[in-house]
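Next comes entry.pdb, with PDB, C-alpha atoms.
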```pdb
MODEL        1
ATOM      1  CA  MET A1352     -18.510  19.083 -75.628
ATOM      2  CA  ARG A1353     -21.151  16.821 -74.277
ATOM      3  CA  ARG A1354     -18.514  14.118 -73.612
ATOM      4  CA  ILE A1355     -16.411  16.556 -71.608
ATOM      5  CA  GLY A1356     -19.473  17.493 -69.496
ATOM      6  CA  THR A1357     -20.315  13.815 -68.944
ATOM      7  CA  ALA A1358     -16.720  13.006 -68.064
ATOM      8  CA  LEU A1359     -16.575  15.983 -65.702
ATOM      9  CA  ALA A1360     -19.813  14.918 -64.010
ATOM     10  CA  ALA A1361     -18.493  11.372 -63.636
ATOM     11  CA  MET A1362     -15.274  12.637 -62.057
ATOM     12  CA  MET A1363     -17.216  14.813 -59.626
ATOM     13  CA  LEU A1364     -19.375  11.887 -58.562
ATOM     14  CA  ALA A1365     -16.323   9.689 -58.168
ATOM     15  CA  GLY A1366     -14.581  12.418 -56.171
ATOM     16  CA  GLY A1367     -17.642  12.824 -53.966
ATOM     17  CA  GLY A1368     -17.489   9.107 -53.252
ATOM     18  CA  LEU A1369     -13.845   9.433 -52.298
ATOM     19  CA  LEU A1370     -14.648  12.313 -50.012
ATOM     20  CA  ALA A1371     -17.453  10.347 -48.402
ATOM     21  CA  GLY A1372     -15.033   7.509 -47.785
ATOM     22  CA  THR A1373     -12.660   9.778 -45.866
ATOM     23  CA  VAL A1374     -15.196  10.895 -43.262
ATOM     24  CA  PRO A1375     -14.082   9.360 -39.968
ATOM     25  CA  ALA A1376     -16.392   6.847 -38.374
ATOM     26  CA  VAL A1377     -17.782   7.555 -34.911
ATOM     27  CA  ALA A1378     -15.414   5.982 -32.407
ATOM     28  CA  ALA A1379     -16.789   3.124 -30.344
ATOM     29  CA  PRO A1380     -16.852   3.794 -26.598
ATOM     30  CA  THR A1381     -13.646   2.686 -24.937
ATOM     31  CA  ALA A1382     -13.588   0.382 -21.932
ATOM     32  CA  VAL A1383     -12.692   1.937 -18.598
ATOM     33  CA  ASP A1384      -9.322   0.841 -17.237
ATOM     34  CA  CYS A1385      -9.995  -0.456 -13.728
ATOM     35  CA  ALA A1386      -6.383  -1.337 -12.947
ATOM     36  CA  VAL A1387      -5.532  -0.161  -9.424
ATOM     37  CA  THR A1388      -2.296   0.230  -7.493
ATOM     38  CA  TRP A1389      -3.830   0.895  -4.085
ATOM     39  CA  GLY A1390      -2.895  -2.286  -2.240
ATOM     40  CA  SER A1391      -4.559  -3.759   0.829
ATOM     41  CA  LEU A1392      -2.206  -2.687   3.631
ATOM     42  CA  ASP A1393      -3.289  -0.503   6.579
ATOM     43  CA  LYS A1394      -3.929   3.153   5.828
ATOM     44  CA  THR A1395      -3.790   5.959   8.405
ATOM     45  CA  GLY A1396      -4.225   9.705   8.536
ATOM     46  CA  ASP A1397      -3.289  11.961  11.439
ATOM     47  CA  SER A1398      -5.401  14.675  12.967
ATOM     48  CA  VAL A1399      -4.751  17.217  15.689
ATOM     49  CA  ALA A1400      -8.411  17.707  16.604
ATOM     50  CA  SER A1401     -11.380  15.389  16.588
ATOM     51  CA  ARG A1402     -14.106  15.947  14.003
ATOM     52  CA  ARG A1403     -17.760  15.160  14.609
ATOM     53  CA  LEU A1404     -19.275  12.852  11.993
ATOM     54  CA  VAL A1405     -22.557  14.191  10.608
ATOM     55  CA  ASP A1406     -23.360  11.728   7.811
ATOM     56  CA  VAL A1407     -22.248   8.573   6.037
ATOM     57  CA  ARG A1408     -23.276   7.244   2.633
ATOM     58  CA  ALA A1409     -22.223   4.736  -0.004
ATOM     59  CA  GLY A1410     -22.061   4.754  -3.776
ATOM     60  CA  GLN A1411     -21.273   2.429  -6.657
ATOM     61  CA  HIS A1412     -18.748   3.250  -9.374
ATOM     62  CA  GLU A1413     -17.609   1.313 -12.404
ATOM     63  CA  CYS A1414     -14.340   0.153 -10.815
ATOM     64  CA  PHE A1415     -15.010   0.378  -7.068
ATOM     65  CA  ASP A1416     -17.591   0.812  -4.325
ATOM     66  CA  ARG A1417     -17.292   3.984  -2.225
ATOM     67  CA  LEU A1418     -18.061   4.836   1.402
ATOM     68  CA  VAL A1419     -18.058   8.526   2.401
ATOM     69  CA  PHE A1420     -17.998   9.954   5.925
ATOM     70  CA  ASP A1421     -18.954  13.630   6.292
ATOM     71  CA  ALA A1422     -17.431  15.585   9.198
ATOM     72  CA  GLN A1423     -17.975  19.003  10.713
ATOM     73  CA  GLY A1424     -15.260  21.607  10.508
ATOM     74  CA  THR A1425     -13.329  23.239   7.734
ATOM     75  CA  ALA A1426     -11.781  21.551   4.744
ATOM     76  CA  ALA A1427      -8.330  22.419   6.084
ATOM     77  CA  ASP A1428      -8.855  20.235   9.165
ATOM     78  CA  PRO A1429      -7.612  16.695   8.507
ATOM     79  CA  ILE A1430      -9.851  13.815   9.538
ATOM     80  CA  GLY A1431      -7.881  11.262  11.560
ATOM     81  CA  TYR A1432      -8.428   7.610  10.645
ATOM     82  CA  THR A1433      -7.082   4.069  10.545
ATOM     83  CA  VAL A1434      -8.505   1.623   7.997
ATOM     84  CA  ARG A1435      -7.282  -1.962   7.943
ATOM     85  CA  TYR A1436      -8.298  -5.509   7.195
ATOM     86  CA  VAL A1437      -8.975  -7.655  10.262
ATOM     87  CA  ASP A1438      -9.772 -11.341  10.597
ATOM     88  CA  VAL A1439     -12.460 -10.665  13.213
ATOM     89  CA  LEU A1440     -14.148  -7.366  14.067
ATOM     90  CA  HIS A1441     -13.973  -6.643  17.805
ATOM     91  CA  GLN A1442     -16.166  -3.889  19.237
ATOM     92  CA  ASP A1443     -14.171  -1.134  20.898
ATOM     93  CA  PRO A1444     -13.874  -0.977  23.937
ATOM     94  CA  SER A1445     -15.804  -4.123  24.979
ATOM     95  CA  ASP A1446     -13.874  -6.506  22.686
ATOM     96  CA  VAL A1447     -17.139  -8.291  21.801
ATOM     97  CA  VAL A1448     -16.984  -9.977  18.385
ATOM     98  CA  VAL A1449     -19.228  -8.216  15.863
ATOM     99  CA  PRO A1450     -20.484 -10.501  13.080
ATOM    100  CA  ILE A1451     -20.418  -8.886   9.653
ATOM    101  CA  LYS A1452     -21.199 -10.308   6.210
ATOM    102  CA  GLY A1453     -18.453 -10.708   3.626
ATOM    103  CA  GLY A1454     -15.315 -12.623   2.768
ATOM    104  CA  ALA A1455     -13.137  -9.929   4.379
ATOM    105  CA  ILE A1456     -13.617  -7.171   6.950
ATOM    106  CA  LEU A1457     -12.322  -3.604   6.930
ATOM    107  CA  GLU A1458     -12.152  -2.032  10.380
ATOM    108  CA  ILE A1459     -12.551   1.742  10.167
ATOM    109  CA  SER A1460     -11.544   3.864  13.182
ATOM    110  CA  LEU A1461     -12.163   7.597  12.941
ATOM    111  CA  PHE A1462     -10.858  10.282  15.289
ATOM    112  CA  SER A1463     -14.402  11.395  15.929
ATOM    113  CA  PRO A1464     -16.271  11.183  19.223
ATOM    114  CA  ARG A1465     -19.749   9.698  19.412
ATOM    115  CA  TYR A1466     -20.680  12.253  22.080
ATOM    116  CA  ASP A1467     -20.326  15.984  22.668
ATOM    117  CA  PRO A1468     -17.054  16.439  24.601
ATOM    118  CA  ALA A1469     -18.399  19.604  26.289
ATOM    119  CA  THR A1470     -21.608  18.053  27.654
ATOM    120  CA  GLY A1471     -20.964  14.306  27.522
ATOM    121  CA  GLN A1472     -24.283  13.865  25.714
ATOM    122  CA  PRO A1473     -24.335  11.433  22.767
ATOM    123  CA  TYR A1474     -24.701  12.837  19.275
ATOM    124  CA  PRO A1475     -27.729  11.728  17.260
ATOM    125  CA  PRO A1476     -27.073   8.357  15.626
ATOM    126  CA  LEU A1477     -25.782   8.397  12.071
ATOM    127  CA  PRO A1478     -27.941   6.838   9.361
ATOM    128  CA  SER A1479     -27.574   3.205   8.456
ATOM    129  CA  VAL A1480     -26.082   2.487   5.051
ATOM    130  CA  ASP A1481     -27.764  -0.098   2.831
ATOM    131  CA  VAL A1482     -25.236  -1.726   0.505
ATOM    132  CA  THR A1483     -27.562  -4.413  -0.821
ATOM    133  CA  GLY A1484     -26.705  -5.205  -4.435
ATOM    134  CA  TYR A1485     -23.261  -3.600  -4.353
ATOM    135  CA  ARG A1486     -20.563  -5.390  -6.309
ATOM    136  CA  THR A1487     -17.934  -5.344  -3.523
ATOM    137  CA  PHE A1488     -19.613  -4.143  -0.300
ATOM    138  CA  ARG A1489     -21.602  -6.700   1.704
ATOM    139  CA  GLU A1490     -22.499  -4.945   4.984
ATOM    140  CA  PHE A1491     -21.701  -1.762   6.897
ATOM    141  CA  LYS A1492     -22.096  -1.288  10.666
ATOM    142  CA  PHE A1493     -21.181   1.320  13.236
ATOM    143  CA  THR A1494     -19.840  -0.866  16.012
ATOM    144  CA  GLY A1495     -18.714   1.326  18.877
ATOM    145  CA  GLY A1496     -16.102   3.741  19.964
ATOM    146  CA  SER A1497     -14.495   5.304  22.972
ATOM    147  CA  GLU A1498     -11.999   7.958  23.991
ATOM    148  CA  GLY A1499     -12.869  10.209  21.060
ATOM    149  CA  TYR A1500     -12.996   7.477  18.407
ATOM    150  CA  THR A1501     -15.820   6.044  16.325
ATOM    151  CA  GLN A1502     -15.472   2.512  15.009
ATOM    152  CA  ALA A1503     -17.212   0.914  12.041
ATOM    153  CA  GLY A1504     -16.952  -2.332  10.135
ATOM    154  CA  LEU A1505     -17.263  -2.814   6.401
ATOM    155  CA  GLY A1506     -17.782  -6.337   5.129
ATOM    156  CA  VAL A1507     -16.495  -6.762   1.584
ATOM    157  CA  ARG A1508     -16.573  -9.592  -0.963
ATOM    158  CA  ALA A1509     -12.848 -10.413  -0.619
ATOM    159  CA  ARG A1510      -9.588  -8.868   0.597
ATOM    160  CA  LEU A1511      -9.419  -6.346  -2.255
ATOM    161  CA  PRO A1512      -7.300  -3.209  -2.738
ATOM    162  CA  PHE A1513      -8.606  -0.064  -1.078
ATOM    163  CA  ARG A1514      -7.681   3.588  -0.783
ATOM    164  CA  VAL A1515      -8.562   6.287   1.728
ATOM    165  CA  PHE A1516      -8.405  10.025   1.111
ATOM    166  CA  GLN A1517      -9.921  13.288   2.284
ATOM    167  CA  THR A1518     -11.569  15.863   0.090
ATOM    168  CA  ALA A1519     -13.007  18.929   1.835
ATOM    169  CA  ASN A1520     -15.089  17.634   4.789
ATOM    170  CA  HIS A1521     -15.343  14.092   3.420
ATOM    171  CA  LEU A1522     -13.290  11.034   4.247
ATOM    172  CA  VAL A1523     -13.562   8.593   1.339
ATOM    173  CA  VAL A1524     -12.956   4.843   1.418
ATOM    174  CA  ASP A1525     -12.896   3.133  -2.009
ATOM    175  CA  VAL A1526     -12.684  -0.634  -2.364
ATOM    176  CA  ALA A1527     -11.822  -1.941  -5.834
ATOM    177  CA  HIS A1528     -13.999  -4.542  -7.528
ATOM    178  CA  THR A1529     -10.958  -6.539  -8.683
ATOM    179  CA  TRP A1530      -7.192  -6.737  -8.293
TER     180      TRP A1530
ENDMDL
END
```
Conversion result in structure tokens:
Amino acid sequence: MRRIGTALAAMMLAGGGLLAGTVPAVAAPTAVDCAVTWGSLDKTGDSVASRRLVDVRAGQHECFDRLVFDAQGTAADPIGYTVRYVDVLHQDPSDVVVPIKGGAILEISLFSPRYDPATGQPYPPLPSVDVTGYRTFREFKFTGGSEGYTQAGLGVRARLPFRVFQTANHLVVDVAHTW
């Protein structure tokens, strides 16, 4: 009887070891897939009415750097824009060359006046955006504007893929870290 008890205890211990061996290990964190399909060609968005810019800010993400323009109005109102790579940034409307740091330059034109159309008075200046230490961004500048447009330049590390989209009252420009 004692042998049966010992054998039974041994089988239980062995079975417990088998059960312990079947417990799944904690999965290691997976790497983020930063593959993009955005491309680097010009991007545009139409608008029927101009939208006043009220803020601009930048952020860093694992796969891209992000620039966000905030506009007045409702989320249903599209924000008109043209974003494109240029060899040299020319200030609109003076055509003066604007130096900007980086291996490539994105010119950003927004259908947004820099002044109040009703009074002709300029809007308060938007804040500067410090992109020091960003992986892709090198420098951001508001450069000018006329006839209801605001122009900005974004110096980036190289001619990398970018995307532009609107969410609510925000126009977002993402520039990938790699191809």
>> Excluding Cys1385 of chain A and its own-chain neighbours fewer than 4 positions away, which residues fall within 9 Å of it when counting only C-alpha atoms? Please give them as a VMD selection string.
In response: chain A and resid 1413 to 1415 1527 to 1530
Can you spit out the residues from that selection as a PDB file, in the coordinates of the input, using C-alpha atoms?
```
ATOM      1  CA  GLU A1413     -17.609   1.313 -12.404  1.00  0.00           C
ATOM      2  CA  CYS A1414     -14.340   0.153 -10.815  1.00  0.00           C
ATOM      3  CA  PHE A1415     -15.010   0.378  -7.068  1.00  0.00           C
ATOM      4  CA  ALA A1527     -11.822  -1.941  -5.834  1.00  0.00           C
ATOM      5  CA  HIS A1528     -13.999  -4.542  -7.528  1.00  0.00           C
ATOM      6  CA  THR A1529     -10.958  -6.539  -8.683  1.00  0.00           C
ATOM      7  CA  TRP A1530      -7.192  -6.737  -8.293  1.00  0.00           C
TER       8      TRP A1530
END
```
> Of the candidates A:Ser1401, A:Gly1495, A:Phe1516, A:Ser1391, which one gets nearest to Ala1422 of chain A if we count only C-alpha atoms?
Replying inline: A:Ser1401
For the interface of segment 1485-1517 of chain A with segment 1465-1473 of chain A (cut-off 10 Å, counting all atoms listed in the file), please tabulate each contacting residue of segment 1485-1517 of chain A alongside its nearest pair of atoms and their separation in Å to one decimal, rows sorted by chain and increasing number, as a tab-separated table.
```
residue	atom	partner	partner_atom	distance
A:Gly1495	CA	A:Arg1465	CA	8.5
A:Gly1496	CA	A:Arg1465	CA	7.0
A:Ser1497	CA	A:Arg1465	CA	7.7
A:Glu1498	CA	A:Arg1465	CA	9.2
A:Gly1499	CA	A:Arg1465	CA	7.1
A:Tyr1500	CA	A:Arg1465	CA	7.2
A:Thr1501	CA	A:Arg1465	CA	6.2
A:Gln1502	CA	A:Arg1465	CA	9.5
```
>> To test your reading of the syntax: which residues would the PyMOL selection byres ((chain A and resi 1522) around 10) return for the file shown? Reply as a list in words.
In response: Leu1404, Val1407, Leu1418, Val1419, Phe1420, Asp1421, Ala1422, Pro1429, Ile1430, Gly1431, Tyr1432, Leu1461, Val1515, Phe1516, Gln1517, Thr1518, Ala1519, Asn1520, His1521, Val1523 and Val1524 of chain A
> Skipping near chain neighbours, those fewer than 4 positions away, what residues fall within 7 Å of Trp1389 of chain A using all atoms listed in the file, listed as number ranges by chain?
Replying inline: A: 1512-1514
>> Applying 8 Å and only C-alpha atoms, which residues near segment 1506-1511 of chain A remain after dropping the ones on its own chain fewer than 6 positions away? List them as a list of chain:residue names.
In response: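 Within the cut-off, the hits are A:Gly1390, A:Ser1391, A:Tyr1436, A:Ile1451, A:Lys1452, A:Gly1453, A:Gly1454, A:Ala1455, A:Ile1456, A:Leu1457, A:Arg1486, A:Thr1487, A:Phe1488, A:Arg1489, A:Glu1490, A:Phe1491, A:Val1526, A:Ala1527, A:His1528, A:Thr1529, A:Trp1530.
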Produce a file of the selected residues containing C-alpha atoms, as a PDB file, in the frame of the given file.
```pdb
ATOM      1  CA  GLY A1390      -2.895  -2.286  -2.240  1.00  0.00           C
ATOM      2  CA  SER A1391      -4.559  -3.759   0.829  1.00  0.00           C
ATOM      3  CA  TYR A1436      -8.298  -5.509   7.195  1.00  0.00           C
ATOM      4  CA  ILE A1451     -20.418  -8.886   9.653  1.00  0.00           C
ATOM      5  CA  LYS A1452     -21.199 -10.308   6.210  1.00  0.00           C
ATOM      6  CA  GLY A1453     -18.453 -10.708   3.626  1.00  0.00           C
ATOM      7  CA  GLY A1454     -15.315 -12.623   2.768  1.00  0.00           C
ATOM      8  CA  ALA A1455     -13.137  -9.929   4.379  1.00  0.00           C
ATOM      9  CA  ILE A1456     -13.617  -7.171   6.950  1.00  0.00           C
ATOM     10  CA  LEU A1457     -12.322  -3.604   6.930  1.00  0.00           C
ATOM     11  CA  ARG A1486     -20.563  -5.390  -6.309  1.00  0.00           C
ATOM     12  CA  THR A1487     -17.934  -5.344  -3.523  1.00  0.00           C
ATOM     13  CA  PHE A1488     -19.613  -4.143  -0.300  1.00  0.00           C
ATOM     14  CA  ARG A1489     -21.602  -6.700   1.704  1.00  0.00           C
ATOM     15  CA  GLU A1490     -22.499  -4.945   4.984  1.00  0.00           C
ATOM     16  CA  PHE A1491     -21.701  -1.762   6.897  1.00  0.00           C
ATOM     17  CA  VAL A1526     -12.684  -0.634  -2.364  1.00  0.00           C
ATOM     18  CA  ALA A1527     -11.822  -1.941  -5.834  1.00  0.00           C
ATOM     19  CA  HIS A1528     -13.999  -4.542  -7.528  1.00  0.00           C
ATOM     20  CA  THR A1529     -10.958  -6.539  -8.683  1.00  0.00           C
ATOM     21  CA  TRP A1530      -7.192  -6.737  -8.293  1.00  0.00           C
TER      22      TRP A1530
END
```
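Distance-wise, atom CA of Thr1425 of chain A and atom CA of Thr1494 of chain A end up 26.3 Å apart.
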>> As an exercise, work out the distance from atom CA of Gly1396 of chain A to atom CA of Ser1445 of chain A in Å and give it to one decimal place.
In response: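 Result for atom CA of Gly1396 of chain A versus atom CA of Ser1445 of chain A: 24.4 Å, one decimal.
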> Hey, can you check how far atom CA of Asp1397 of chain A sits from atom CA of Ser1479 of chain A?
Replying inline: 26.0 Å
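Of the residues under consideration (A:His1412, A:Arg1403, A:Arg1417, A:Arg1435), A:Arg1435 shows the shortest atom-to-atom contact distance to Ile1459 of chain A when counting only C-alpha atoms.
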> Residues picked by the PyMOL selection byres ((chain A and resi 1441) around 10) here, as a PyMOL selection string?
Replying inline: chain A and resi 1437-1440+1442-1450+1458+1494-1495+1502+1504
> Which of these, A:Tyr1485, A:Pro1464, A:Arg1402, A:Ala1409, has the shortest distance to Ala1426 of chain A once you count only C-alpha atoms?
Replying inline: A:Arg1402
Take the PyMOL selection byres ((chain A and resi 1393) around 6), run it mentally on this structure, and tell me the resulting residues as a PDB file with C-alpha atoms, in the coordinates of the input.
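Heads up, here's the output in selection-v7.pdb:
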```pdb
ATOM      1  CA  LEU A1392      -2.206  -2.687   3.631  1.00  0.00           C
ATOM      2  CA  LYS A1394      -3.929   3.153   5.828  1.00  0.00           C
ATOM      3  CA  VAL A1434      -8.505   1.623   7.997  1.00  0.00           C
ATOM      4  CA  ARG A1435      -7.282  -1.962   7.943  1.00  0.00           C
TER       5      ARG A1435
END
```
Using the file's own x, y and z axes, so that the box edges lie along x, y and z, what centre and edge lengths in Å (one decimal) does a box around every listed atom of segment 1397-1403 of chain A get when 8 Å is added on each side? Give it as JSON.
```
{"center_x": -10.5, "center_y": 14.8, "center_z": 14.0, "size_x": 30.5, "size_y": 21.7, "size_z": 21.2}
```
